[in-house]
Amino acid sequence: MAKQGLGWMEWLRGWFNLIYEMLFQRIMASHLQNPLPLPPLNDLTCIITGSTSGIGLEIARQLAESGAHVVMAVRKPKAANELVQKWQNEWSGRGLPLNIEVMEVDLLSLDSVVRFAEAWNARLGPLHVLINNAGIFSIGEPQKFSKDGYEEHMQVNHLAPALLSILLLPSLIRGSPSRIVNVNSIMHYVGFVDTEDMNVVSGKRKYTSLVGYSSSKLAQVMFSSILHKRLPAEAGVNIVCVSPGIVQTNVARDLPKIVQAAYHLIPYFIFSAQEGSRSALFAATDHQIPEYCELLKADEWPVCAFISQDCHPTNPSEEAHNTGTSQKVWEKTLAMIGLPSDAVERLIEGQEVKCRYGAHQG
Ligand SMILES: NC(=O)c1ccc[n+]([C@@H]2O[C@H](COP(=O)([O-])OP(=O)(O)OC[C@H]3O[C@@H](n4cnc5c(N)ncnc54)[C@H](OP(=O)(O)O)[C@@H]3O)[C@@H](O)[C@H]2O)c1
């Protein structure tokens with residue numbers, strides 16, 4: 001019989017991990033400098049989704065200040081352009097102007113994701129780092145669906161980044177060695193994916209925002225693990241999931257005001273956005289990452305690389321090791337985002353792939 005949810009021991013261990021991270025993340029990460037020192041990155045082109053606030057904003061600013069060509073992939077271009085202006089003003093006199101541009105993408109629309117990828121791929125230039133950072137956690141809100149018909153956490157946190165990652169493969173291969181960095185969460189430890197009910201509508205599980213969020217983050221780890229296996233070493237594209245820690249950002253905007261106030265009262269435990277950006281920046285730039293990913297591949301390790309908030313390789317949840325479910329998540333995801341089952345192999349061979357949500361990809 002198919003598994004209906006996490007076993008109670010798995011569930012308890014998941015919550016233990018989460019609470020442990022919340023209480024001790026600062027001690028575990030005490031060896032890290034803040035901001036994380038970065039090498040000169042003048043040869044890198046990086047796309048960062050959701051870079052108008054929180055962790056993504058910090059990632060974009062620090063990569064740009066280290067010399068990278070940064071593309072802010074955002075749903076509010078006006079807000080992003082204002083940030084760029086502010087950063088350029090603060091940076092003036094310290095060297096060449098920052099190399100940042102803004103492009104629009106709304107992850108609640110798979111058409112928008114396809115349009116973004118088409119526009120980027122049409123440049124025929126390299127992409128070295130894609131950081132899938134944008135995410136939502138609509139705490140306490142009723143269940144909502146995108147116009148594509150998918151539960152919003154699943155769409156923004158998993159389906160849209162999965163589509164973006166696959167459609168950008170031609171550019172990532174052109175930029176190889178290159179990386180896809182998924183800003184995931186320790187919350188995937190309490191997640192469970194029912195591949196027959198990705199929208200959590202069947203009534204088998206009661207929907208809460210916690211179920212929506214944690215399932216979407218686990219689905220991302222499982223999908224990434226299969227993508228990691230399917231990408232041959234010669235393609236030179238590696239995939240890493242990271243946990244930023246528990247971070248003070250706008251992600252808590254839907255929390256009751258009293259809980260938000262409590263967040264401010266316990267700054268010792270909660271990371272700043274700059275501290276929360278370190279694991280993603282590490283995964284995007286550290287020279288040992290490709291070797292680590294290849295090692296996992298050679299060992300036929302069942303999960304993709306996962307970097308914890310203290311920039312150490314760590315093991316994703318027990319459920320993430322369920323290879324049967326990961327394969328089903330892979331198949332279901334491709335069907336939901338309108339791609340054929342051999343999309344990755346065809347894109348690697350330079351063939352055209354049609355996506356149900358937009359025009360042709362080549
Ligand atoms: N904060 C934490 O404690 C924590 C812990 C674990 C994991 N994370 C993960 O870290 C990532 C960044 O979150 P954050 O904490 O920095 O939160 P945040 O401050 O709320 O930033 C989220 C970003 O995602 C963007 N975004 C949301 N929906 C989008 C959509 N439909 N299309 C395009 N962009 C969209 C937001 O854009 P707008 O400004 O336009 O809304 C914003 O720029 C998320 O994936 C989150 O799950 C956070």
# chains A, B, ... in the order shown; residues from 1 in each chain; ligands from 1
>>> select_by_dssp(residues="range 204-353 of chain A", states="strand (DSSP E)", output="list in words")
Val237, Asn238, Ile239, Val240, Cys241, Val242, Ala305, Phe306, Ile307 and Val353 of chain A
>>> closest_atom_pairs(of="chain A", to="ligand 1", cutoff="8 Å", atoms="only C-alpha atoms and all ligand atoms", output="tab-separated table")
residue	atom	partner	partner_atom_place_in_ligand_line	distance
A:Thr49	CA	ligand 1	34 (N)	6.2
A:Gly50	CA	ligand 1	43 (O)	3.4
A:Ser51	CA	ligand 1	43 (O)	4.8
A:Thr52	CA	ligand 1	43 (O)	4.2
A:Ser53	CA	ligand 1	43 (O)	4.3
A:Gly54	CA	ligand 1	16 (O)	3.5
A:Ile55	CA	ligand 1	16 (O)	3.8
A:Gly56	CA	ligand 1	16 (O)	5.6
A:Leu57	CA	ligand 1	43 (O)	7.1
A:Ala73	CA	ligand 1	33 (C)	7.3
A:Val74	CA	ligand 1	33 (C)	5.1
A:Arg75	CA	ligand 1	33 (C)	4.7
A:Lys76	CA	ligand 1	40 (O)	5.3
A:Val105	CA	ligand 1	33 (C)	5.8
A:Asp106	CA	ligand 1	32 (N)	3.7
A:Leu107	CA	ligand 1	32 (N)	3.8
A:Leu108	CA	ligand 1	31 (N)	4.3
A:Ser109	CA	ligand 1	31 (N)	7.4
A:Asn132	CA	ligand 1	45 (O)	7.4
A:Asn133	CA	ligand 1	45 (O)	4.7
A:Ala134	CA	ligand 1	24 (O)	3.3
A:Gly135	CA	ligand 1	45 (O)	3.5
A:Ile136	CA	ligand 1	27 (C)	5.3
A:Phe137	CA	ligand 1	47 (O)	6.5
A:Val156	CA	ligand 1	31 (N)	5.7
A:Asn157	CA	ligand 1	45 (O)	6.2
A:Asn182	CA	ligand 1	45 (O)	7.8
A:Val183	CA	ligand 1	45 (O)	5.2
A:Asn184	CA	ligand 1	7 (C)	5.4
A:Ser185	CA	ligand 1	6 (C)	4.0
A:Ile186	CA	ligand 1	6 (C)	6.3
A:Met187	CA	ligand 1	6 (C)	7.0
A:Tyr213	CA	ligand 1	47 (O)	7.8
A:Lys217	CA	ligand 1	47 (O)	7.7
A:Ser243	CA	ligand 1	6 (C)	5.9
A:Pro244	CA	ligand 1	6 (C)	5.5
A:Gly245	CA	ligand 1	5 (C)	5.4
A:Ile246	CA	ligand 1	3 (O)	3.7
A:Val247	CA	ligand 1	3 (O)	3.6
A:Gln248	CA	ligand 1	1 (N)	5.6
A:Thr249	CA	ligand 1	19 (O)	4.4
A:Asn250	CA	ligand 1	19 (O)	3.7
A:Val251	CA	ligand 1	20 (O)	3.6
A:Ala252	CA	ligand 1	1 (N)	7.1
A:Arg253	CA	ligand 1	20 (O)	7.3
A:Ile270	CA	ligand 1	3 (O)	7.9
A:Phe271	CA	ligand 1	3 (O)	7.9
A:Ala273	CA	ligand 1	16 (O)	6.9
A:Gly276	CA	ligand 1	1 (N)	7.6
>>> write_last_selection(atoms="C-alpha atoms", output="PDB file, in the first residue's frame")
ATOM      1  CA  THR A  49      14.642  34.925  -8.690  1.00  0.00           C
ATOM      2  CA  GLY A  50      12.841  36.905  -5.992  1.00  0.00           C
ATOM      3  CA  SER A  51      15.681  39.372  -5.501  1.00  0.00           C
ATOM      4  CA  THR A  52      13.553  42.349  -4.417  1.00  0.00           C
ATOM      5  CA  SER A  53      13.465  41.307  -0.776  1.00  0.00           C
ATOM      6  CA  GLY A  54      14.983  39.201   1.999  1.00  0.00           C
ATOM      7  CA  ILE A  55      17.565  36.561   1.183  1.00  0.00           C
ATOM      8  CA  GLY A  56      17.379  37.059  -2.615  1.00  0.00           C
ATOM      9  CA  LEU A  57      18.037  40.792  -2.300  1.00  0.00           C
ATOM     10  CA  ALA A  73      14.330  37.907 -12.090  1.00  0.00           C
ATOM     11  CA  VAL A  74      11.397  39.521 -10.311  1.00  0.00           C
ATOM     12  CA  ARG A  75       7.676  40.102 -10.498  1.00  0.00           C
ATOM     13  CA  LYS A  76       7.986  43.787  -9.544  1.00  0.00           C
ATOM     14  CA  VAL A 105       8.987  36.820 -14.248  1.00  0.00           C
ATOM     15  CA  ASP A 106       5.931  35.842 -12.224  1.00  0.00           C
ATOM     16  CA  LEU A 107       6.236  32.319 -10.885  1.00  0.00           C
ATOM     17  CA  LEU A 108       2.470  32.149 -10.397  1.00  0.00           C
ATOM     18  CA  SER A 109       2.245  31.979 -14.203  1.00  0.00           C
ATOM     19  CA  ASN A 132      15.868  29.660  -7.533  1.00  0.00           C
ATOM     20  CA  ASN A 133      15.291  31.791  -4.455  1.00  0.00           C
ATOM     21  CA  ALA A 134      11.763  33.215  -4.799  1.00  0.00           C
ATOM     22  CA  GLY A 135       9.299  31.505  -2.523  1.00  0.00           C
ATOM     23  CA  ILE A 136       6.130  31.981  -0.519  1.00  0.00           C
ATOM     24  CA  PHE A 137       4.885  30.769   2.853  1.00  0.00           C
ATOM     25  CA  VAL A 156       5.894  29.107  -6.693  1.00  0.00           C
ATOM     26  CA  ASN A 157       8.267  26.983  -4.583  1.00  0.00           C
ATOM     27  CA  ASN A 182      17.607  25.977  -4.987  1.00  0.00           C
ATOM     28  CA  VAL A 183      16.920  27.961  -1.823  1.00  0.00           C
ATOM     29  CA  ASN A 184      15.116  25.191   0.026  1.00  0.00           C
ATOM     30  CA  SER A 185      14.308  24.883   3.736  1.00  0.00           C
ATOM     31  CA  ILE A 186      14.789  22.746   6.828  1.00  0.00           C
ATOM     32  CA  MET A 187      10.965  22.596   6.724  1.00  0.00           C
ATOM     33  CA  TYR A 213       4.939  24.879   2.191  1.00  0.00           C
ATOM     34  CA  LYS A 217      10.056  22.170  -0.412  1.00  0.00           C
ATOM     35  CA  SER A 243      18.834  25.717   3.730  1.00  0.00           C
ATOM     36  CA  PRO A 244      19.261  29.416   4.591  1.00  0.00           C
ATOM     37  CA  GLY A 245      18.390  28.878   8.259  1.00  0.00           C
ATOM     38  CA  ILE A 246      15.554  30.633  10.077  1.00  0.00           C
ATOM     39  CA  VAL A 247      15.766  34.155   8.727  1.00  0.00           C
ATOM     40  CA  GLN A 248      14.089  37.477   9.487  1.00  0.00           C
ATOM     41  CA  THR A 249      12.575  38.464   6.116  1.00  0.00           C
ATOM     42  CA  ASN A 250       9.236  39.355   4.558  1.00  0.00           C
ATOM     43  CA  VAL A 251       8.447  35.628   4.459  1.00  0.00           C
ATOM     44  CA  ALA A 252       6.835  36.199   7.866  1.00  0.00           C
ATOM     45  CA  ARG A 253       4.632  39.006   6.509  1.00  0.00           C
ATOM     46  CA  ILE A 270      16.946  34.464  14.006  1.00  0.00           C
ATOM     47  CA  PHE A 271      19.421  35.166  11.200  1.00  0.00           C
ATOM     48  CA  ALA A 273      18.903  38.272   5.609  1.00  0.00           C
ATOM     49  CA  GLY A 276      20.643  33.778   5.615  1.00  0.00           C
TER      50      GLY A 276
END
>>> select_by_dssp(residues="range 174-227 of chain A", states="alpha helix (DSSP H)", output="MDAnalysis selection string")
chainID A and resid 174 209:227
>>> closest_residue(among="A:Leu231, A:Met103, A:Lys328, A:Val201", to="Arg115 in chain A", atoms="only C-alpha atoms")
A:Met103
>>> residues_around(residues="range 291-304 of chain A", least_positions_apart="5", cutoff="8 Å", atoms="only C-alpha atoms", output="VMD selection string")
chain A and resid 221 to 222 224 to 226 228 to 229 233 238 to 241 316 320 to 321 323
>>> closest_residue(among="A:Ser277, A:Val190, A:Thr325, A:Asp197", to="Trp8 in chain A", atoms="only C-alpha atoms")
A:Val190
>>> residues_around(residues="Asn34 in chain A", least_positions_apart="3", cutoff="8 Å", atoms="only C-alpha atoms", output="ChimeraX atom specification")
/A:37,274-275,278
>>> closest_residue(among="A:Asp286, A:Glu319, A:Glu65, A:Glu90", to="Val181 in chain A", atoms="only C-alpha atoms")
A:Asp286
>>> atom_distance(atom1="CA of Gln62 in chain A", atom2="CA of His128 in chain A")
16.0 Å
>>> closest_atom_pairs(of="range 258-351 of chain A", to="range 162-167 of chain A", cutoff="8 Å", atoms="only C-alpha atoms", output="CSV")
residue,atom,partner,partner_atom,distance
A:Thr333,CA,A:Ala162,CA,7.9
A:Ile337,CA,A:Leu163,CA,6.3
A:Ala343,CA,A:Ile166,CA,7.8
A:Val344,CA,A:Ile166,CA,6.7
>>> write_last_selection(atoms="N, CA, C and O atoms", output="short mmCIF file (atom, residue, chain, number, x, y, z; two decimals), in the first residue's frame")
data_model
loop_
_atom_site.label_atom_id
_atom_site.label_comp_id
_atom_site.auth_asym_id
_atom_site.auth_seq_id
_atom_site.Cartn_x
_atom_site.Cartn_y
_atom_site.Cartn_z
N THR A 333 5.79 16.07 -11.95
CA THR A 333 6.17 17.47 -12.14
C THR A 333 6.28 17.80 -13.63
O THR A 333 5.75 18.81 -14.09
N ILE A 337 4.13 20.65 -15.51
CA ILE A 337 4.71 21.87 -16.11
C ILE A 337 4.72 21.78 -17.64
O ILE A 337 5.27 22.64 -18.32
N ALA A 343 12.55 15.53 -21.79
CA ALA A 343 12.93 16.94 -22.05
C ALA A 343 14.41 17.19 -21.76
O ALA A 343 15.11 17.83 -22.56
N VAL A 344 14.89 16.66 -20.64
CA VAL A 344 16.28 16.95 -20.25
C VAL A 344 17.24 16.36 -21.27
O VAL A 344 18.16 17.05 -21.76
#
>>> closest_residue(among="A:Leu6, A:Leu127, A:Leu347, A:Leu281", to="Arg230 in chain A", atoms="only C-alpha atoms")
A:Leu347
>>> closest_residue(among="A:Gln327, A:Asn121, A:Gln351, A:Ser178", to="Cys46 in chain A", atoms="only C-alpha atoms")
A:Ser178
>>> closest_residue(among="A:Trp120, A:Trp330, A:Phe282, A:Tyr207", to="His312 in chain A", atoms="only C-alpha atoms")
A:Phe282
>>> atom_distance(atom1="CA of Pro177 in chain A", atom2="CA of Glu352 in chain A")
22.2 Å
